[in-house]
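Undergrad: Got a structure for you, upload28.tsv, holding TSV, N, CA, C and O atoms.
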```
chain	number	residue	atom	x	y	z
A	1	THR	N	159.40	214.27	80.52
A	1	THR	CA	158.00	214.50	80.21
A	1	THR	C	157.09	214.10	81.38
A	1	THR	O	156.00	214.63	81.49
A	2	ASP	N	157.53	213.16	82.20
A	2	ASP	CA	156.72	212.78	83.36
A	2	ASP	C	156.56	213.96	84.31
A	2	ASP	O	155.47	214.22	84.82
A	3	ASP	N	157.67	214.68	84.57
A	3	ASP	CA	157.60	215.86	85.44
A	3	ASP	C	156.71	216.94	84.83
A	3	ASP	O	155.94	217.59	85.54
A	4	TYR	N	156.84	217.13	83.51
A	4	TYR	CA	156.03	218.13	82.82
A	4	TYR	C	154.55	217.80	82.96
A	4	TYR	O	153.74	218.66	83.29
A	5	ASN	N	154.19	216.53	82.74
A	5	ASN	CA	152.79	216.11	82.88
A	5	ASN	C	152.30	216.24	84.31
A	5	ASN	O	151.14	216.57	84.55
A	6	LYS	N	153.19	215.99	85.28
A	6	LYS	CA	152.83	216.14	86.69
A	6	LYS	C	152.52	217.61	86.99
A	6	LYS	O	151.56	217.92	87.69
A	7	ILE	N	153.35	218.51	86.46
A	7	ILE	CA	153.12	219.95	86.65
A	7	ILE	C	151.80	220.36	86.02
A	7	ILE	O	151.02	221.10	86.64
A	8	LEU	N	151.52	219.88	84.81
A	8	LEU	CA	150.24	220.20	84.17
A	8	LEU	C	149.07	219.69	85.00
A	8	LEU	O	148.05	220.38	85.14
A	9	GLY	N	149.21	218.52	85.59
A	9	GLY	CA	148.17	217.97	86.46
A	9	GLY	C	147.93	218.84	87.68
A	9	GLY	O	146.79	219.09	88.08
A	10	LEU	N	149.02	219.32	88.27
A	10	LEU	CA	148.90	220.20	89.44
A	10	LEU	C	148.24	221.52	89.07
A	10	LEU	O	147.42	222.05	89.83
A	11	LEU	N	148.59	222.05	87.90
A	11	LEU	CA	147.96	223.29	87.45
A	11	LEU	C	146.46	223.07	87.21
A	11	LEU	O	145.63	223.92	87.56
A	12	LYS	N	146.12	221.94	86.64
A	12	LYS	CA	144.71	221.64	86.36
A	12	LYS	C	143.90	221.53	87.65
A	12	LYS	O	142.75	221.98	87.71
A	13	GLU	N	144.51	220.96	88.68
A	13	GLU	CA	143.83	220.84	89.98
A	13	GLU	C	143.46	222.20	90.57
A	13	GLU	O	142.50	222.32	91.32
A	14	ARG	N	144.22	223.22	90.26
A	14	ARG	CA	143.95	224.56	90.79
A	14	ARG	C	142.70	225.17	90.20
A	14	ARG	O	142.15	226.13	90.75
A	15	LYS	N	142.26	224.68	89.05
A	15	LYS	CA	141.05	225.15	88.37
A	15	LYS	C	141.06	226.66	88.14
A	15	LYS	O	140.04	227.33	88.25
A	16	ALA	N	142.22	227.17	87.83
A	16	ALA	CA	142.33	228.59	87.51
A	16	ALA	C	141.81	228.84	86.10
A	16	ALA	O	141.85	227.94	85.25
A	17	GLU	N	141.33	230.03	85.86
A	17	GLU	CA	140.82	230.38	84.54
A	17	GLU	C	141.92	230.24	83.49
A	17	GLU	O	141.67	229.80	82.37
A	18	SER	N	143.13	230.62	83.86
A	18	SER	CA	144.28	230.42	82.99
A	18	SER	C	145.53	230.22	83.85
A	18	SER	O	145.56	230.63	85.01
A	19	SER	N	146.50	229.55	83.27
A	19	SER	CA	147.75	229.27	83.98
A	19	SER	C	148.93	229.64	83.09
A	19	SER	O	148.90	229.42	81.88
A	20	LEU	N	149.95	230.20	83.72
A	20	LEU	CA	151.19	230.52	83.02
A	20	LEU	C	152.25	229.54	83.51
A	20	LEU	O	152.49	229.42	84.71
A	21	LEU	N	152.89	228.86	82.57
A	21	LEU	CA	153.95	227.93	82.92
A	21	LEU	C	155.26	228.44	82.32
A	21	LEU	O	155.40	228.52	81.10
A	22	PHE	N	156.18	228.83	83.20
A	22	PHE	CA	157.51	229.23	82.78
A	22	PHE	C	158.42	228.01	82.89
A	22	PHE	O	158.52	227.42	83.96
A	23	LEU	N	159.07	227.66	81.80
A	23	LEU	CA	159.97	226.52	81.79
A	23	LEU	C	161.37	227.04	81.45
A	23	LEU	O	161.61	227.51	80.35
A	24	ILE	N	162.25	226.98	82.44
A	24	ILE	CA	163.63	227.39	82.21
A	24	ILE	C	164.37	226.16	81.71
A	24	ILE	O	164.70	225.26	82.48
A	25	LYS	N	164.57	226.12	80.41
A	25	LYS	CA	165.21	224.96	79.79
A	25	LYS	C	166.72	224.97	80.02
A	25	LYS	O	167.34	223.92	80.11
A	26	LYS	N	167.26	226.18	80.10
A	26	LYS	CA	168.71	226.32	80.31
A	26	LYS	C	168.98	227.68	80.92
A	26	LYS	O	168.38	228.67	80.52
A	27	TRP	N	169.86	227.73	81.90
A	27	TRP	CA	170.34	229.01	82.43
A	27	TRP	C	171.77	228.81	82.91
A	27	TRP	O	172.00	228.15	83.92
A	28	ASP	N	172.69	229.35	82.17
A	28	ASP	CA	174.10	229.31	82.55
A	28	ASP	C	174.62	230.75	82.52
A	28	ASP	O	174.39	231.47	81.56
A	29	SER	N	175.32	231.12	83.57
A	29	SER	CA	175.98	232.42	83.58
A	29	SER	C	177.38	232.23	84.14
A	29	SER	O	177.59	231.49	85.08
A	30	ASP	N	178.32	232.90	83.49
A	30	ASP	CA	179.72	232.85	83.91
A	30	ASP	C	180.17	234.29	84.05
A	30	ASP	O	180.12	235.07	83.11
A	31	THR	N	180.58	234.67	85.24
A	31	THR	CA	180.94	236.08	85.48
A	31	THR	C	182.40	236.26	85.83
A	31	THR	O	182.79	237.32	86.30
A	32	PHE	N	183.23	235.26	85.58
A	32	PHE	CA	184.62	235.36	86.01
A	32	PHE	C	185.45	236.30	85.13
A	32	PHE	O	186.01	237.28	85.62
A	33	VAL	N	185.56	236.02	83.84
A	33	VAL	CA	186.36	236.87	82.95
A	33	VAL	C	185.47	237.88	82.23
A	33	VAL	O	185.70	239.07	82.27
A	34	ASN	N	184.47	237.40	81.54
A	34	ASN	CA	183.42	238.23	80.96
A	34	ASN	C	182.10	237.73	81.54
A	34	ASN	O	182.06	236.71	82.21
A	35	ILE	N	181.05	238.43	81.26
A	35	ILE	CA	179.74	237.99	81.71
A	35	ILE	C	179.13	237.18	80.57
A	35	ILE	O	178.64	237.73	79.59
A	36	GLY	N	179.24	235.88	80.69
A	36	GLY	CA	178.70	234.98	79.68
A	36	GLY	C	177.32	234.51	80.07
A	36	GLY	O	177.09	234.09	81.20
A	37	LEU	N	176.39	234.61	79.14
A	37	LEU	CA	175.02	234.15	79.38
A	37	LEU	C	174.63	233.16	78.30
A	37	LEU	O	174.93	233.35	77.12
A	38	ASP	N	173.97	232.11	78.71
A	38	ASP	CA	173.45	231.10	77.79
A	38	ASP	C	172.16	230.59	78.43
A	38	ASP	O	172.21	229.84	79.41
A	39	TYR	N	171.02	231.04	77.90
A	39	TYR	CA	169.76	230.65	78.50
A	39	TYR	C	168.68	230.45	77.46
A	39	TYR	O	168.77	230.96	76.33
A	40	GLU	N	167.67	229.70	77.86
A	40	GLU	CA	166.46	229.51	77.07
A	40	GLU	C	165.30	229.32	78.04
A	40	GLU	O	165.34	228.45	78.91
A	41	ILE	N	164.29	230.17	77.89
A	41	ILE	CA	163.11	230.14	78.75
A	41	ILE	C	161.88	230.11	77.86
A	41	ILE	O	161.79	230.84	76.87
A	42	GLU	N	160.93	229.27	78.24
A	42	GLU	CA	159.68	229.14	77.48
A	42	GLU	C	158.51	229.51	78.39
A	42	GLU	O	158.51	229.16	79.57
A	43	LEU	N	157.54	230.19	77.84
A	43	LEU	CA	156.31	230.54	78.56
A	43	LEU	C	155.13	230.00	77.77
A	43	LEU	O	155.02	230.25	76.56
A	44	THR	N	154.26	229.27	78.45
A	44	THR	CA	153.06	228.74	77.83
A	44	THR	C	151.86	229.14	78.68
A	44	THR	O	151.91	229.09	79.90
A	45	VAL	N	150.78	229.54	78.00
A	45	VAL	CA	149.52	229.88	78.66
A	45	VAL	C	148.52	228.77	78.37
A	45	VAL	O	148.35	228.36	77.21
A	46	PHE	N	147.91	228.27	79.44
A	46	PHE	CA	146.90	227.23	79.33
A	46	PHE	C	145.57	227.76	79.86
A	46	PHE	O	145.55	228.59	80.76
A	47	ASN	N	144.47	227.23	79.33
A	47	ASN	CA	143.17	227.56	79.89
A	47	ASN	C	142.85	226.58	81.02
A	47	ASN	O	143.68	225.74	81.36
A	48	GLU	N	141.66	226.68	81.60
A	48	GLU	CA	141.29	225.84	82.75
A	48	GLU	C	141.37	224.35	82.43
A	48	GLU	O	141.75	223.55	83.28
A	49	GLY	N	141.06	223.97	81.20
A	49	GLY	CA	141.13	222.57	80.80
A	49	GLY	C	142.51	222.12	80.36
A	49	GLY	O	142.69	221.02	79.86
A	50	MET	N	143.50	222.98	80.54
A	50	MET	CA	144.90	222.75	80.19
A	50	MET	C	145.13	222.63	78.68
A	50	MET	O	146.06	221.98	78.22
A	51	THR	N	144.29	223.31	77.91
A	51	THR	CA	144.54	223.46	76.49
A	51	THR	C	145.51	224.61	76.31
A	51	THR	O	145.34	225.67	76.91
A	52	LYS	N	146.54	224.38	75.51
A	52	LYS	CA	147.54	225.42	75.28
A	52	LYS	C	146.93	226.54	74.45
A	52	LYS	O	146.40	226.31	73.36
A	53	LEU	N	146.98	227.76	74.99
A	53	LEU	CA	146.44	228.92	74.29
A	53	LEU	C	147.51	229.68	73.51
A	53	LEU	O	147.25	230.23	72.45
A	54	ALA	N	148.72	229.74	74.08
A	54	ALA	CA	149.81	230.46	73.43
A	54	ALA	C	151.13	230.01	74.05
A	54	ALA	O	151.17	229.56	75.19
A	55	SER	N	152.18	230.17	73.27
A	55	SER	CA	153.50	229.81	73.76
A	55	SER	C	154.54	230.68	73.07
A	55	SER	O	154.38	231.04	71.90
A	56	THR	N	155.57	231.02	73.81
A	56	THR	CA	156.68	231.79	73.24
A	56	THR	C	157.94	231.43	74.01
A	56	THR	O	157.88	230.85	75.09
A	57	SER	N	159.07	231.76	73.44
A	57	SER	CA	160.33	231.49	74.13
A	57	SER	C	161.32	232.60	73.84
A	57	SER	O	161.17	233.38	72.90
A	58	VAL	N	162.34	232.66	74.68
A	58	VAL	CA	163.40	233.64	74.53
A	58	VAL	C	164.71	232.93	74.87
A	58	VAL	O	164.75	232.03	75.71
A	59	SER	N	165.77	233.33	74.17
A	59	SER	CA	167.07	232.73	74.44
A	59	SER	C	168.17	233.75	74.15
A	59	SER	O	167.96	234.73	73.43
A	60	GLU	N	169.32	233.50	74.73
A	60	GLU	CA	170.49	234.34	74.50
A	60	GLU	C	171.72	233.48	74.72
A	60	GLU	O	171.76	232.62	75.60
A	61	LYS	N	172.72	233.71	73.90
A	61	LYS	CA	174.01	233.06	74.09
A	61	LYS	C	175.08	234.06	73.67
A	61	LYS	O	175.11	234.49	72.52
A	62	GLY	N	175.90	234.45	74.61
A	62	GLY	CA	176.94	235.40	74.29
A	62	GLY	C	177.56	236.02	75.52
A	62	GLY	O	177.23	235.65	76.65
A	63	ASP	N	178.46	236.93	75.28
A	63	ASP	CA	179.18	237.60	76.34
A	63	ASP	C	178.77	239.06	76.42
A	63	ASP	O	178.43	239.68	75.42
A	64	ARG	N	178.84	239.58	77.63
A	64	ARG	CA	178.63	241.00	77.89
A	64	ARG	C	179.88	241.51	78.58
A	64	ARG	O	180.58	240.76	79.26
A	65	PRO	N	180.16	242.79	78.45
A	65	PRO	CA	181.35	243.33	79.10
A	65	PRO	C	181.22	243.32	80.63
A	65	PRO	O	180.13	243.43	81.16
A	66	GLY	N	182.35	243.17	81.29
A	66	GLY	CA	182.39	243.19	82.75
A	66	GLY	C	182.75	241.83	83.29
A	66	GLY	O	182.71	240.83	82.58
A	67	SER	N	183.13	241.79	84.54
A	67	SER	CA	183.44	240.53	85.19
A	67	SER	C	183.44	240.71	86.70
A	67	SER	O	183.51	241.82	87.21
A	68	ILE	N	183.42	239.61	87.39
A	68	ILE	CA	183.46	239.63	88.85
A	68	ILE	C	184.85	240.05	89.33
A	68	ILE	O	185.01	240.55	90.44
A	69	LEU	N	185.87	239.89	88.49
A	69	LEU	CA	187.23	240.26	88.86
A	69	LEU	C	187.38	241.76	89.08
A	69	LEU	O	188.13	242.19	89.94
A	70	PHE	N	186.67	242.54	88.26
A	70	PHE	CA	186.82	243.98	88.33
A	70	PHE	C	185.76	244.66	89.19
A	70	PHE	O	186.03	245.62	89.88
A	71	ASP	N	184.55	244.17	89.11
A	71	ASP	CA	183.46	244.79	89.87
A	71	ASP	C	182.32	243.79	89.99
A	71	ASP	O	181.57	243.56	89.06
A	72	GLU	N	182.22	243.21	91.17
A	72	GLU	CA	181.22	242.17	91.41
A	72	GLU	C	179.80	242.67	91.17
A	72	GLU	O	178.95	241.95	90.68
A	73	SER	N	179.54	243.92	91.50
A	73	SER	CA	178.18	244.46	91.35
A	73	SER	C	177.76	244.55	89.89
A	73	SER	O	176.58	244.38	89.57
A	74	VAL	N	178.70	244.80	88.98
A	74	VAL	CA	178.37	244.87	87.55
A	74	VAL	C	177.92	243.50	87.06
A	74	VAL	O	176.91	243.36	86.37
A	75	ALA	N	178.66	242.46	87.43
A	75	ALA	CA	178.30	241.10	87.01
A	75	ALA	C	176.93	240.71	87.57
A	75	ALA	O	176.08	240.19	86.85
A	76	GLU	N	176.71	240.99	88.84
A	76	GLU	CA	175.43	240.66	89.46
A	76	GLU	C	174.29	241.41	88.79
A	76	GLU	O	173.24	240.85	88.50
A	77	ARG	N	174.50	242.68	88.53
A	77	ARG	CA	173.47	243.51	87.90
A	77	ARG	C	173.16	243.03	86.48
A	77	ARG	O	172.00	242.94	86.08
A	78	GLU	N	174.18	242.69	85.71
A	78	GLU	CA	173.97	242.25	84.33
A	78	GLU	C	173.18	240.94	84.26
A	78	GLU	O	172.28	240.80	83.44
A	79	VAL	N	173.51	240.00	85.13
A	79	VAL	CA	172.79	238.72	85.13
A	79	VAL	C	171.36	238.92	85.58
A	79	VAL	O	170.41	238.39	84.98
A	80	THR	N	171.16	239.70	86.62
A	80	THR	CA	169.81	239.99	87.11
A	80	THR	C	168.99	240.72	86.05
A	80	THR	O	167.83	240.38	85.81
A	81	ASN	N	169.59	241.70	85.39
A	81	ASN	CA	168.89	242.44	84.34
A	81	ASN	C	168.54	241.55	83.15
A	81	ASN	O	167.50	241.72	82.52
A	82	ALA	N	169.42	240.60	82.83
A	82	ALA	CA	169.15	239.68	81.72
A	82	ALA	C	167.93	238.84	82.03
A	82	ALA	O	167.06	238.62	81.16
A	83	PHE	N	167.82	238.36	83.27
A	83	PHE	CA	166.66	237.55	83.66
A	83	PHE	C	165.39	238.38	83.62
A	83	PHE	O	164.36	237.95	83.08
A	84	LYS	N	165.46	239.59	84.15
A	84	LYS	CA	164.31	240.49	84.14
A	84	LYS	C	163.86	240.80	82.71
A	84	LYS	O	162.67	240.74	82.39
A	85	LYS	N	164.81	241.09	81.83
A	85	LYS	CA	164.49	241.40	80.44
A	85	LYS	C	163.86	240.18	79.75
A	85	LYS	O	162.91	240.32	78.98
A	86	ALA	N	164.37	239.00	80.04
A	86	ALA	CA	163.81	237.78	79.44
A	86	ALA	C	162.35	237.61	79.84
A	86	ALA	O	161.49	237.33	79.00
A	87	LEU	N	162.06	237.77	81.13
A	87	LEU	CA	160.67	237.64	81.60
A	87	LEU	C	159.77	238.71	81.00
A	87	LEU	O	158.63	238.43	80.61
A	88	GLU	N	160.26	239.93	80.92
A	88	GLU	CA	159.46	241.02	80.33
A	88	GLU	C	159.17	240.74	78.86
A	88	GLU	O	158.06	240.98	78.39
A	89	THR	N	160.16	240.23	78.14
A	89	THR	CA	159.97	239.89	76.72
A	89	THR	C	158.90	238.82	76.57
A	89	THR	O	158.02	238.93	75.71
A	90	LEU	N	158.97	237.79	77.41
A	90	LEU	CA	157.97	236.72	77.34
A	90	LEU	C	156.58	237.25	77.65
A	90	LEU	O	155.62	236.98	76.92
A	91	LEU	N	156.45	237.99	78.73
A	91	LEU	CA	155.13	238.46	79.17
A	91	LEU	C	154.53	239.52	78.25
A	91	LEU	O	153.31	239.71	78.23
A	92	ASN	N	155.36	240.22	77.49
A	92	ASN	CA	154.86	241.26	76.58
A	92	ASN	C	154.69	240.77	75.15
A	92	ASN	O	154.35	241.56	74.27
A	93	ASP	N	154.90	239.48	74.92
A	93	ASP	CA	154.68	238.93	73.59
A	93	ASP	C	153.19	239.07	73.25
A	93	ASP	O	152.34	238.73	74.07
A	94	PRO	N	152.87	239.58	72.07
A	94	PRO	CA	151.46	239.79	71.71
A	94	PRO	C	150.59	238.53	71.82
A	94	PRO	O	149.43	238.62	72.23
A	95	LYS	N	151.14	237.37	71.51
A	95	LYS	CA	150.36	236.13	71.61
A	95	LYS	C	150.01	235.84	73.07
A	95	LYS	O	148.88	235.40	73.36
A	96	ILE	N	150.94	236.11	73.97
A	96	ILE	CA	150.71	235.87	75.39
A	96	ILE	C	149.67	236.87	75.91
A	96	ILE	O	148.73	236.49	76.62
A	97	LEU	N	149.86	238.14	75.56
A	97	LEU	CA	148.92	239.17	76.01
A	97	LEU	C	147.49	238.86	75.55
A	97	LEU	O	146.54	239.02	76.32
A	98	LEU	N	147.35	238.42	74.33
A	98	LEU	CA	146.02	238.07	73.81
A	98	LEU	C	145.43	236.87	74.56
A	98	LEU	O	144.25	236.86	74.90
A	99	ALA	N	146.27	235.89	74.87
A	99	ALA	CA	145.79	234.68	75.55
A	99	ALA	C	145.35	234.93	76.99
A	99	ALA	O	144.48	234.22	77.49
A	100	ILE	N	145.93	235.92	77.65
A	100	ILE	CA	145.59	236.14	79.07
A	100	ILE	C	144.54	237.24	79.27
A	100	ILE	O	144.20	237.54	80.39
A	101	GLN	N	144.03	237.78	78.19
A	101	GLN	CA	142.98	238.81	78.32
A	101	GLN	C	141.69	238.21	78.80
A	101	GLN	O	141.32	237.15	78.51
```
Could you render the structure as structure tokens?

TA:
Amino acid sequence: TDDYNKILGLLKERKAESSLLFLIKKWDSDTFVNIGLDYEIELTVFNEGMTKLASTSVSEKGDRPGSILFDESVAEREVTNAFKKALETLLNDPKILLAIQ
């Protein structure tokens, strides 16, 4: 929590109209046999006074087909796409969109 409060302090110093804080609570990927993903990411929107306006999170735990053994590019693409999809899901959440208008 000390690091979290330090980050909030740094955001407050910027005096931005609003701030987006992405917190990657967990990100594990295993691409050896199958493409295993286990992640949790949280997005919070704050106003200039660091009052929380909205928050949402996304998580996944499971396997996807493919592995680095058979085709390294498939594993790399799947992990990259999972991260991209997670960020898109967070940013397109209606509560987030309303908070950043």

Undergrad: From the DSSP assignment of the backbone, select every residue of chain A that is alpha helix (DSSP H), and format the answer as a PyMOL selection string.

TA: chain A and resi 2-14+72-91+94-99

Undergrad: Using all atoms listed in the file, which of A:Glu76, A:Glu13, A:Asp3, A:Asp38 sits nearest Lys26 in chain A?

TA: A:Asp38

Undergrad: Between A:Ala99, A:Leu43, A:Val79, A:Ala54, which has the minimum distance to Leu23 in chain A (counting all atoms listed in the file)?

TA: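 So, comparing all the options, the nearest one is A:Leu43.
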
Undergrad: Which value, in Å to one decimal, gives the distance between CA of Ile7 in chain A and CA of Ser59 in chain A?

TA: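 Taking CA of Ile7 in chain A and CA of Ser59 in chain A, their separation equals 22.5 Å.
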
Undergrad: So the first atom is atom N of Leu21 in chain A and the second is atom N of Leu91 in chain A; what is the distance between them in Å, to one decimal place?

TA: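 We find that atom N of Leu21 in chain A and atom N of Leu91 in chain A lie 10.5 Å from each other.
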
Undergrad: Using all atoms listed in the file, what residues lie at most 8 Å away from (154.2, 230.7, 75.2) (file coordinates), given as a compact mmCIF listing (two decimals) with N, CA, C and O atoms, in the frame of the given file?

TA:
```txt
# COMPACT_ATOMS: atom_id res chain seq x y z
N LEU A 21 152.89 228.86 82.57
CA LEU A 21 153.95 227.93 82.92
C LEU A 21 155.26 228.44 82.32
O LEU A 21 155.40 228.52 81.10
N ILE A 41 164.29 230.17 77.89
CA ILE A 41 163.11 230.14 78.75
C ILE A 41 161.88 230.11 77.86
O ILE A 41 161.79 230.84 76.87
N GLU A 42 160.93 229.27 78.24
CA GLU A 42 159.68 229.14 77.48
C GLU A 42 158.51 229.51 78.39
O GLU A 42 158.51 229.16 79.57
N LEU A 43 157.54 230.19 77.84
CA LEU A 43 156.31 230.54 78.56
C LEU A 43 155.13 230.00 77.77
O LEU A 43 155.02 230.25 76.56
N THR A 44 154.26 229.27 78.45
CA THR A 44 153.06 228.74 77.83
C THR A 44 151.86 229.14 78.68
O THR A 44 151.91 229.09 79.90
N VAL A 45 150.78 229.54 78.00
CA VAL A 45 149.52 229.88 78.66
C VAL A 45 148.52 228.77 78.37
O VAL A 45 148.35 228.36 77.21
N PHE A 46 147.91 228.27 79.44
CA PHE A 46 146.90 227.23 79.33
C PHE A 46 145.57 227.76 79.86
O PHE A 46 145.55 228.59 80.76
N LEU A 53 146.98 227.76 74.99
CA LEU A 53 146.44 228.92 74.29
C LEU A 53 147.51 229.68 73.51
O LEU A 53 147.25 230.23 72.45
N ALA A 54 148.72 229.74 74.08
CA ALA A 54 149.81 230.46 73.43
C ALA A 54 151.13 230.01 74.05
O ALA A 54 151.17 229.56 75.19
N SER A 55 152.18 230.17 73.27
CA SER A 55 153.50 229.81 73.76
C SER A 55 154.54 230.68 73.07
O SER A 55 154.38 231.04 71.90
N THR A 56 155.57 231.02 73.81
CA THR A 56 156.68 231.79 73.24
C THR A 56 157.94 231.43 74.01
O THR A 56 157.88 230.85 75.09
N SER A 57 159.07 231.76 73.44
CA SER A 57 160.33 231.49 74.13
C SER A 57 161.32 232.60 73.84
O SER A 57 161.17 233.38 72.90
N LEU A 90 158.97 237.79 77.41
CA LEU A 90 157.97 236.72 77.34
C LEU A 90 156.58 237.25 77.65
O LEU A 90 155.62 236.98 76.92
N LYS A 95 151.14 237.37 71.51
CA LYS A 95 150.36 236.13 71.61
C LYS A 95 150.01 235.84 73.07
O LYS A 95 148.88 235.40 73.36
N ILE A 96 150.94 236.11 73.97
CA ILE A 96 150.71 235.87 75.39
C ILE A 96 149.67 236.87 75.91
O ILE A 96 148.73 236.49 76.62
```

Undergrad: Quick one, how far is atom C of Asp93 in chain A from atom O of Tyr39 in chain A?

TA: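 So the answer is 17.8 Å.
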
Undergrad: Considering all atoms listed in the file, state which residue in the set A:Gly49, A:Phe83, A:Glu88, A:Ile35 is at the smallest distance from Asp63 in chain A.

TA: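 Comparing A:Gly49, A:Phe83, A:Glu88, A:Ile35 against Asp63 in chain A, the winner is A:Ile35.
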
Undergrad: What would range 23-30 of chain A look like with all heavy atoms restored, written as a PDB file, in the frame of the given file?

TA:
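The resulting result.pdb:
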```pdb
ATOM      1  N   LEU A  23     159.070 227.660  81.800  1.00  0.00           N
ATOM      2  CA  LEU A  23     159.970 226.520  81.790  1.00  0.00           C
ATOM      3  C   LEU A  23     161.370 227.040  81.450  1.00  0.00           C
ATOM      4  O   LEU A  23     161.610 227.510  80.350  1.00  0.00           O
ATOM      5  CB  LEU A  23     159.508 225.494  80.756  1.00  0.00           C
ATOM      6  CG  LEU A  23     160.323 224.231  80.605  1.00  0.00           C
ATOM      7  CD1 LEU A  23     160.353 223.454  81.923  1.00  0.00           C
ATOM      8  CD2 LEU A  23     159.754 223.364  79.504  1.00  0.00           C
ATOM      9  N   ILE A  24     162.250 226.980  82.440  1.00  0.00           N
ATOM     10  CA  ILE A  24     163.630 227.390  82.210  1.00  0.00           C
ATOM     11  C   ILE A  24     164.370 226.160  81.710  1.00  0.00           C
ATOM     12  O   ILE A  24     164.700 225.260  82.480  1.00  0.00           O
ATOM     13  CB  ILE A  24     164.275 227.956  83.494  1.00  0.00           C
ATOM     14  CG1 ILE A  24     163.479 229.171  83.975  1.00  0.00           C
ATOM     15  CG2 ILE A  24     165.740 228.321  83.239  1.00  0.00           C
ATOM     16  CD1 ILE A  24     163.924 229.736  85.300  1.00  0.00           C
ATOM     17  N   LYS A  25     164.570 226.120  80.410  1.00  0.00           N
ATOM     18  CA  LYS A  25     165.210 224.960  79.790  1.00  0.00           C
ATOM     19  C   LYS A  25     166.720 224.970  80.020  1.00  0.00           C
ATOM     20  O   LYS A  25     167.340 223.920  80.110  1.00  0.00           O
ATOM     21  CB  LYS A  25     164.915 224.928  78.291  1.00  0.00           C
ATOM     22  CG  LYS A  25     163.454 224.698  77.980  1.00  0.00           C
ATOM     23  CD  LYS A  25     163.240 224.619  76.499  1.00  0.00           C
ATOM     24  CE  LYS A  25     161.834 224.180  76.182  1.00  0.00           C
ATOM     25  NZ  LYS A  25     161.646 223.991  74.737  1.00  0.00           N
ATOM     26  N   LYS A  26     167.260 226.180  80.100  1.00  0.00           N
ATOM     27  CA  LYS A  26     168.710 226.320  80.310  1.00  0.00           C
ATOM     28  C   LYS A  26     168.980 227.680  80.920  1.00  0.00           C
ATOM     29  O   LYS A  26     168.380 228.670  80.520  1.00  0.00           O
ATOM     30  CB  LYS A  26     169.439 226.192  78.974  1.00  0.00           C
ATOM     31  CG  LYS A  26     170.918 226.344  79.069  1.00  0.00           C
ATOM     32  CD  LYS A  26     171.702 226.336  77.760  1.00  0.00           C
ATOM     33  CE  LYS A  26     170.993 225.981  76.522  1.00  0.00           C
ATOM     34  NZ  LYS A  26     171.827 226.057  75.326  1.00  0.00           N
ATOM     35  N   TRP A  27     169.860 227.730  81.900  1.00  0.00           N
ATOM     36  CA  TRP A  27     170.340 229.010  82.430  1.00  0.00           C
ATOM     37  C   TRP A  27     171.770 228.810  82.910  1.00  0.00           C
ATOM     38  O   TRP A  27     172.000 228.150  83.920  1.00  0.00           O
ATOM     39  CB  TRP A  27     169.470 229.533  83.583  1.00  0.00           C
ATOM     40  CG  TRP A  27     169.946 230.902  83.983  1.00  0.00           C
ATOM     41  CD1 TRP A  27     170.964 231.206  84.849  1.00  0.00           C
ATOM     42  CD2 TRP A  27     169.494 232.144  83.462  1.00  0.00           C
ATOM     43  NE1 TRP A  27     171.144 232.553  84.914  1.00  0.00           N
ATOM     44  CE2 TRP A  27     170.258 233.157  84.067  1.00  0.00           C
ATOM     45  CE3 TRP A  27     168.516 232.499  82.541  1.00  0.00           C
ATOM     46  CZ2 TRP A  27     170.071 234.508  83.780  1.00  0.00           C
ATOM     47  CZ3 TRP A  27     168.326 233.833  82.265  1.00  0.00           C
ATOM     48  CH2 TRP A  27     169.097 234.826  82.887  1.00  0.00           C
ATOM     49  N   ASP A  28     172.690 229.350  82.170  1.00  0.00           N
ATOM     50  CA  ASP A  28     174.100 229.310  82.550  1.00  0.00           C
ATOM     51  C   ASP A  28     174.620 230.750  82.520  1.00  0.00           C
ATOM     52  O   ASP A  28     174.390 231.470  81.560  1.00  0.00           O
ATOM     53  CB  ASP A  28     174.932 228.480  81.562  1.00  0.00           C
ATOM     54  CG  ASP A  28     174.616 226.999  81.640  1.00  0.00           C
ATOM     55  OD1 ASP A  28     174.490 226.482  82.762  1.00  0.00           O
ATOM     56  OD2 ASP A  28     174.511 226.363  80.575  1.00  0.00           O
ATOM     57  N   SER A  29     175.320 231.120  83.570  1.00  0.00           N
ATOM     58  CA  SER A  29     175.980 232.420  83.580  1.00  0.00           C
ATOM     59  C   SER A  29     177.380 232.230  84.140  1.00  0.00           C
ATOM     60  O   SER A  29     177.590 231.490  85.080  1.00  0.00           O
ATOM     61  CB  SER A  29     175.191 233.441  84.405  1.00  0.00           C
ATOM     62  OG  SER A  29     175.060 233.025  85.737  1.00  0.00           O
ATOM     63  N   ASP A  30     178.320 232.900  83.490  1.00  0.00           N
ATOM     64  CA  ASP A  30     179.720 232.850  83.910  1.00  0.00           C
ATOM     65  C   ASP A  30     180.170 234.290  84.050  1.00  0.00           C
ATOM     66  O   ASP A  30     180.120 235.070  83.110  1.00  0.00           O
ATOM     67  CB  ASP A  30     180.556 232.124  82.853  1.00  0.00           C
ATOM     68  CG  ASP A  30     182.032 232.079  83.189  1.00  0.00           C
ATOM     69  OD1 ASP A  30     182.415 232.528  84.287  1.00  0.00           O
ATOM     70  OD2 ASP A  30     182.800 231.582  82.359  1.00  0.00           O
TER      71      ASP A  30
END
```
